[in-house]
$ cat structure01.txt   # compact mmCIF, C-alpha atoms
# COMPACT_ATOMS: atom_id res chain seq x y z
CA MET A 1 49.09 -35.47 -39.96
CA GLY A 2 48.10 -39.13 -39.72
CA SER A 3 48.99 -39.77 -43.37
CA ARG A 4 52.43 -38.16 -42.92
CA LEU A 5 53.18 -40.29 -39.86
CA LEU A 6 52.12 -43.44 -41.70
CA MET A 7 54.39 -42.69 -44.66
CA ASP A 8 57.30 -41.88 -42.35
CA THR A 9 56.80 -45.16 -40.48
CA LEU A 10 56.73 -47.20 -43.68
CA ARG A 11 59.84 -45.54 -45.07
CA ASN A 12 61.82 -46.07 -41.84
CA PHE A 13 60.17 -49.26 -40.65
CA GLU A 14 63.39 -51.25 -40.12
CA GLU A 15 65.02 -48.45 -38.14
CA TYR A 16 61.96 -47.98 -35.92
CA LYS A 17 61.74 -51.75 -35.44
CA LYS A 18 65.24 -51.86 -33.91
CA HIS A 19 64.11 -49.50 -31.15
CA ALA A 20 60.69 -51.04 -30.58
CA GLN A 21 59.73 -51.78 -26.97
CA VAL A 22 57.39 -54.46 -25.68
CA GLN A 23 54.40 -52.97 -23.93
CA ASP A 24 53.57 -53.99 -20.38
CA LEU A 25 50.13 -55.55 -20.72
CA SER A 26 49.53 -55.14 -16.98
CA GLN A 27 49.46 -51.35 -17.54
CA VAL A 28 46.81 -51.49 -20.25
CA THR A 29 43.73 -49.37 -19.50
CA SER A 30 40.34 -49.26 -21.19
CA ALA A 31 38.78 -46.13 -22.64
CA PRO A 32 35.89 -44.83 -20.53
CA LYS A 33 32.37 -45.74 -21.61
CA ILE A 34 30.68 -42.92 -23.53
CA LYS A 35 27.90 -41.39 -21.45
CA LYS A 36 24.82 -39.66 -22.79
CA GLU A 37 25.31 -36.65 -20.52
CA TRP A 38 28.56 -35.86 -22.37
CA SER A 39 26.43 -34.78 -25.33
CA GLU A 40 24.79 -31.95 -23.35
CA ILE A 41 26.46 -28.76 -24.58
CA ASP A 42 26.93 -25.52 -22.65
CA PHE A 43 28.22 -23.11 -25.28
CA SER A 44 29.42 -20.69 -22.59
CA GLU A 45 31.98 -23.21 -21.33
CA MET A 46 33.37 -24.77 -24.53
CA GLU A 47 35.31 -23.27 -27.42
CA ALA A 48 34.28 -24.01 -31.01
CA TRP A 49 37.09 -26.50 -31.68
CA GLN A 50 36.23 -28.41 -28.49
CA VAL A 51 32.55 -28.65 -29.44
CA GLU A 52 33.40 -29.81 -32.95
CA GLN A 53 35.91 -32.43 -31.73
CA LEU A 54 33.43 -33.74 -29.16
CA SER A 55 30.89 -34.09 -31.96
CA ARG A 56 33.40 -36.08 -34.01
CA ALA A 57 34.10 -38.33 -31.04
CA ILE A 58 30.61 -39.24 -29.82
CA SER A 59 27.94 -38.01 -32.23
CA ASP A 60 27.55 -41.39 -33.94
CA GLN A 61 26.33 -42.72 -30.61
CA TYR A 62 25.02 -39.57 -28.92
CA PRO A 63 24.54 -36.48 -31.13
CA LEU A 64 25.37 -33.24 -29.31
CA ARG A 65 22.30 -31.50 -27.94
CA THR A 66 21.21 -28.26 -26.36
CA ILE A 67 18.00 -26.64 -25.09
CA PHE A 68 15.75 -24.38 -27.13
CA THR A 69 12.98 -22.50 -25.32
CA PHE A 70 9.79 -22.18 -27.36
CA SER A 71 7.12 -19.94 -25.82
CA ARG A 72 3.52 -19.15 -26.71
CA ILE A 73 1.77 -16.05 -25.36
CA LYS A 74 -1.95 -16.80 -25.27
CA ARG A 75 -4.74 -14.29 -25.76
CA SER A 76 -5.26 -14.38 -21.98
CA LYS A 77 -1.61 -13.17 -21.66
CA LYS A 78 -0.66 -16.46 -20.03
CA ILE A 79 2.61 -17.93 -21.24
CA LYS A 80 3.05 -21.58 -22.17
CA GLN A 81 6.63 -22.77 -22.54
CA ARG A 82 8.41 -25.84 -23.87
CA HIS A 83 12.08 -26.43 -23.19
CA ILE A 84 12.98 -28.67 -26.11
CA SER A 85 16.08 -30.83 -26.32
CA MET A 86 17.58 -30.23 -29.78
CA GLN A 87 20.16 -32.50 -31.39
CA LEU A 88 22.68 -30.64 -33.56
CA LEU A 89 23.54 -32.79 -36.57
CA ASN A 90 26.33 -32.78 -39.18
CA MET A 91 28.47 -30.33 -37.22
CA PHE A 92 31.58 -28.61 -38.59
CA ILE A 93 33.61 -25.41 -38.19
CA PRO A 94 32.72 -23.04 -41.06
CA GLU A 95 35.40 -21.28 -43.06
CA ARG A 96 33.13 -18.26 -43.43
CA SER A 97 30.31 -17.13 -41.18
CA PRO A 98 28.23 -13.98 -40.57
CA MET A 99 29.46 -14.21 -36.99
CA TYR A 100 33.05 -13.48 -37.98
CA ASP A 101 31.97 -9.95 -38.93
CA MET A 102 30.02 -9.24 -35.73
CA ASP A 103 31.54 -6.72 -33.33
CA PRO A 104 31.27 -7.32 -30.47
CA ALA A 105 31.15 -11.10 -30.84
CA PRO A 106 27.72 -12.59 -30.06
CA GLU A 107 27.29 -14.17 -26.66
CA PRO A 108 27.64 -17.97 -26.44
CA GLY A 109 24.54 -19.86 -27.54
CA THR A 110 23.50 -17.20 -30.07
CA PHE A 111 22.70 -18.70 -33.46
CA VAL A 112 22.47 -17.16 -36.92
CA TYR A 113 21.11 -18.77 -40.08
CA ASP A 114 23.49 -18.41 -43.04
CA ASP A 115 21.55 -18.21 -46.31
CA GLN A 116 24.53 -18.94 -48.52
CA SER A 117 25.42 -22.28 -46.93
CA GLN A 118 21.90 -22.96 -45.57
CA THR A 119 23.38 -23.86 -42.20
CA LEU A 120 22.86 -22.68 -38.63
CA HIS A 121 25.91 -21.13 -36.95
CA VAL A 122 26.14 -21.20 -33.14
CA SER A 123 28.52 -19.01 -31.15
CA CYS A 124 30.79 -20.70 -28.60
CA ALA A 125 32.78 -19.50 -25.57
CA ASP A 126 35.68 -18.20 -27.67
CA GLY A 127 33.39 -16.17 -29.95
CA ASN A 128 33.86 -18.58 -32.86
CA PRO A 129 30.98 -20.58 -34.33
CA VAL A 130 30.21 -24.18 -35.13
CA ALA A 131 27.74 -24.88 -37.94
CA VAL A 132 25.09 -27.56 -38.38
CA THR A 133 23.02 -28.58 -41.39
CA HIS A 134 20.16 -30.31 -39.55
CA ILE A 135 18.41 -30.15 -36.19
CA LYS A 136 16.31 -32.80 -34.48
CA ALA A 137 13.86 -31.97 -31.71
CA GLU A 138 13.28 -34.68 -29.13
CA GLY A 139 10.57 -37.05 -30.38
CA SER A 140 10.56 -35.57 -33.89
CA ASN A 141 12.29 -36.17 -37.20
CA ALA A 142 15.42 -34.29 -38.22
CA ILE A 143 14.80 -31.09 -40.19
CA THR A 144 17.06 -28.74 -42.13
CA ALA A 145 18.42 -25.59 -40.52
CA ARG A 146 16.18 -23.57 -42.83
CA ASP A 147 13.05 -25.46 -41.74
CA PHE A 148 14.03 -24.90 -38.11
CA VAL A 149 14.23 -21.14 -38.67
CA ASN A 150 10.89 -21.09 -40.51
CA GLY A 151 9.05 -23.34 -38.08
CA TYR A 152 10.16 -22.08 -34.68
CA GLU A 153 9.40 -18.36 -34.98
CA ILE A 154 13.03 -17.34 -35.55
CA ARG A 155 13.08 -13.64 -36.42
CA ASP A 156 15.75 -11.99 -38.56
CA HIS A 157 17.47 -15.38 -38.82
CA THR A 158 18.85 -14.91 -35.29
CA GLY A 159 18.04 -16.51 -31.96
CA GLN A 160 19.42 -18.00 -28.78
CA PHE A 161 19.74 -21.52 -27.43
CA GLY A 162 19.30 -21.95 -23.70
CA TYR A 163 16.77 -22.17 -20.89
CA PHE A 164 14.64 -19.03 -20.58
CA THR A 165 11.99 -18.34 -17.95
CA GLU A 166 8.68 -16.53 -18.48
CA ASP A 167 10.19 -13.32 -17.10
CA GLU A 168 12.94 -13.36 -19.75
CA ILE A 169 10.78 -13.54 -22.88
CA HIS A 170 8.76 -10.89 -24.70
CA PRO A 171 6.73 -10.52 -27.93
CA GLY A 172 8.96 -10.13 -30.96
CA MET A 173 11.69 -12.30 -29.48
CA SER A 174 12.80 -15.33 -31.50
CA GLY A 175 11.12 -18.50 -30.29
CA VAL A 176 8.03 -16.63 -29.06
CA ARG A 177 4.64 -17.07 -30.74
CA VAL A 178 1.76 -14.75 -29.92
CA THR A 179 -1.72 -16.23 -30.37
CA LYS A 180 -3.79 -13.80 -32.44
CA ARG A 181 -7.48 -13.16 -32.08
CA ARG A 182 -9.76 -14.76 -34.65
CA GLU A 183 -10.64 -11.31 -36.03
CA GLU A 184 -6.96 -10.61 -36.74
CA TYR A 185 -6.60 -13.85 -38.69
CA THR A 186 -9.73 -13.08 -40.73
CA LYS A 187 -8.55 -9.55 -41.49
CA SER A 188 -5.15 -10.84 -42.58
CA ILE A 189 -6.69 -13.41 -44.91
CA ARG A 190 -9.09 -10.83 -46.43
CA ARG A 191 -6.25 -8.44 -47.16
CA LYS A 192 -4.18 -11.16 -48.81
CA MET A 193 -7.18 -11.94 -51.02
CA LYS A 194 -7.53 -8.18 -51.76
CA MET A 195 -11.26 -8.22 -51.00
CA ARG A 196 -13.37 -5.41 -49.61
CA LYS A 197 -14.70 -5.99 -46.12
CA LYS A 198 -18.40 -6.14 -47.04
CA ASP A 199 -17.74 -8.48 -49.99
CA PHE A 200 -15.70 -10.82 -47.81
CA GLU A 201 -18.36 -10.89 -45.07
CA ARG A 202 -21.17 -11.55 -47.58
CA LEU A 203 -19.26 -14.31 -49.41
CA TYR A 204 -18.07 -16.19 -46.32
CA ASN A 205 -20.91 -15.23 -43.96
CA VAL A 206 -18.53 -13.89 -41.30
CA LYS A 207 -18.14 -10.68 -39.36
CA THR A 208 -14.65 -9.20 -39.39
CA GLY A 209 -15.29 -6.67 -36.66
CA ARG A 210 -15.16 -2.90 -36.69
CA GLY A 211 -12.53 -0.83 -38.38
CA ARG A 212 -11.77 0.77 -41.67
CA ASP A 213 -11.32 -1.26 -44.82

$ encode --input "structure01.txt" --output "structure tokens"
Amino acid sequence: MGSRLLMDTLRNFEEYKKHAQVQDLSQVTSAPKIKKEWSEIDFSEMEAWQVEQLSRAISDQYPLRTIFTFSRIKRSKKIKQRHISMQLLNMFIPERSPMYDMDPAPEPGTFVYDDQSQTLHVSCADGNPVAVTHIKAEGSNAITARDFVNGYEIRDHTGQFGYFTEDEIHPGMSGVRVTKRREEYTKSIRRKMKMRKKDFERLYNVKTGRGRD
């Protein structure tokens, strides 16, 4: 649209000049200063086009960000949580997305990793997604969407941004890591090496606990 307006102005410059009006400088106002809190996104309140336009407007100064809850269930059953501020980088509205085929539409804040484009798609208030190529946790370097999915216990390429309490999480949920017992780690390693239990114990001088081979 901007290019069409420019060409129209150049073609009809003399005509537009005849009707030009002098602006009243006393009525000039300044644009508001960009505030960091504007970058905090609540996907349940903004439609996809609004999120994407806000990113265009302020992301060079303040990249849009949201909260991701990462939880660890310890062997003692205690839960340790981190509510991490995540910057969403290189945002755009995708032409195609797995979310377009979901019925009903996923709730706002739901994200899905798209293998084909290697981007993370996040559902907004209108049911449409925005997509990002990279994510940056507070105090860390930016990583690709794929590395985020692999590194933050995202299961089935699907998860949810937002603030979750201990009562709202459970094993098997994306963003939840369960600390295994040492015996479980040892058993897993032995099976990957395709070694019999007694051979593994003799070679590495460890006890893998009871149970069938």

$ closest_residue --input "structure01.txt" --among "A:Glu40, A:Glu166, A:Asp103, A:Asp156" --to "Gln87 of chain A" --atoms "only C-alpha atoms"
A:Glu40

$ residues_around --input "structure01.txt" --residues "segment 69-75 of chain A" --least-positions-apart "4" --cutoff "9 Å" --atoms "all atoms listed in the file" --output "list in words"
Ile79, Lys80, Gln81, Arg82, His83, Ile84, Ser85, Tyr152, Glu153, Gln160, Phe161, Gly162, Tyr163, Phe164, Thr165, Glu166, Ile169, His170, Pro171, Ser174, Gly175, Val176, Arg177, Val178, Thr179, Lys180 and Arg181 of chain A

$ closest_residue --input "structure01.txt" --among "A:Val130, A:Ser76, A:Val112, A:Leu10" --to "Leu64 of chain A" --atoms "all atoms listed in the file"
A:Val130

$ atom_distance --input "structure01.txt" --atom1 "atom CA of Thr144 of chain A" --atom2 "atom CA of Gln118 of chain A"
8.3 Å

$ closest_residue --input "structure01.txt" --among "A:His157, A:Arg65, A:Arg4, A:Lys78" --to "Ala137 of chain A" --atoms "only C-alpha atoms"
A:Arg65

$ axis_aligned_box --input "structure01.txt" --around "segment 100-109 of chain A" --padding-each-side "5 Å" --output "lines of an AutoDock Vina configuration file"
center_x = 28.8
center_y = -13.3
center_z = -32.7
size_x = 18.5
size_y = 23.1
size_z = 22.5

$ residues_around --input "structure01.txt" --residues "segment 55-60 of chain A" --least-positions-apart "3" --cutoff "10 Å" --atoms "all atoms listed in the file" --output "PyMOL selection string"
chain A and resi 34-36+38-39+49-52+63-65+87-92

$ atom_distance --input "structure01.txt" --atom1 "atom CA of Tyr100 of chain A" --atom2 "atom CA of Asp126 of chain A"
11.6 Å

$ atom_distance --input "structure01.txt" --atom1 "atom CA of Ile143 of chain A" --atom2 "atom CA of Met86 of chain A"
10.8 Å

$ closest_residue --input "structure01.txt" --among "A:Gly159, A:Met173, A:Tyr62, A:Phe43" --to "Ser123 of chain A" --atoms "only C-alpha atoms"
A:Phe43

$ closest_residue --input "structure01.txt" --among "A:Asp115, A:Gly172, A:Gln27, A:Gly139" --to "Arg155 of chain A" --atoms "all atoms listed in the file"
A:Gly172

$ closest_residue --input "structure01.txt" --among "A:Thr110, A:Thr9, A:Asn150, A:Asn128" --to "Pro94 of chain A" --atoms "only C-alpha atoms"
A:Asn128

$ residues_around --input "structure01.txt" --residues "Met99 of chain A" --least-positions-apart "5" --cutoff "9 Å" --atoms "only C-alpha atoms" --output "tab-separated table (two decimals) with C-alpha atoms, in the coordinates of the input"
chain	number	residue	atom	x	y	z
A	105	ALA	CA	31.15	-11.10	-30.84
A	106	PRO	CA	27.72	-12.59	-30.06
A	111	PHE	CA	22.70	-18.70	-33.46
A	112	VAL	CA	22.47	-17.16	-36.92
A	121	HIS	CA	25.91	-21.13	-36.95
A	122	VAL	CA	26.14	-21.20	-33.14
A	123	SER	CA	28.52	-19.01	-31.15
A	127	GLY	CA	33.39	-16.17	-29.95
A	128	ASN	CA	33.86	-18.58	-32.86
A	129	PRO	CA	30.98	-20.58	-34.33
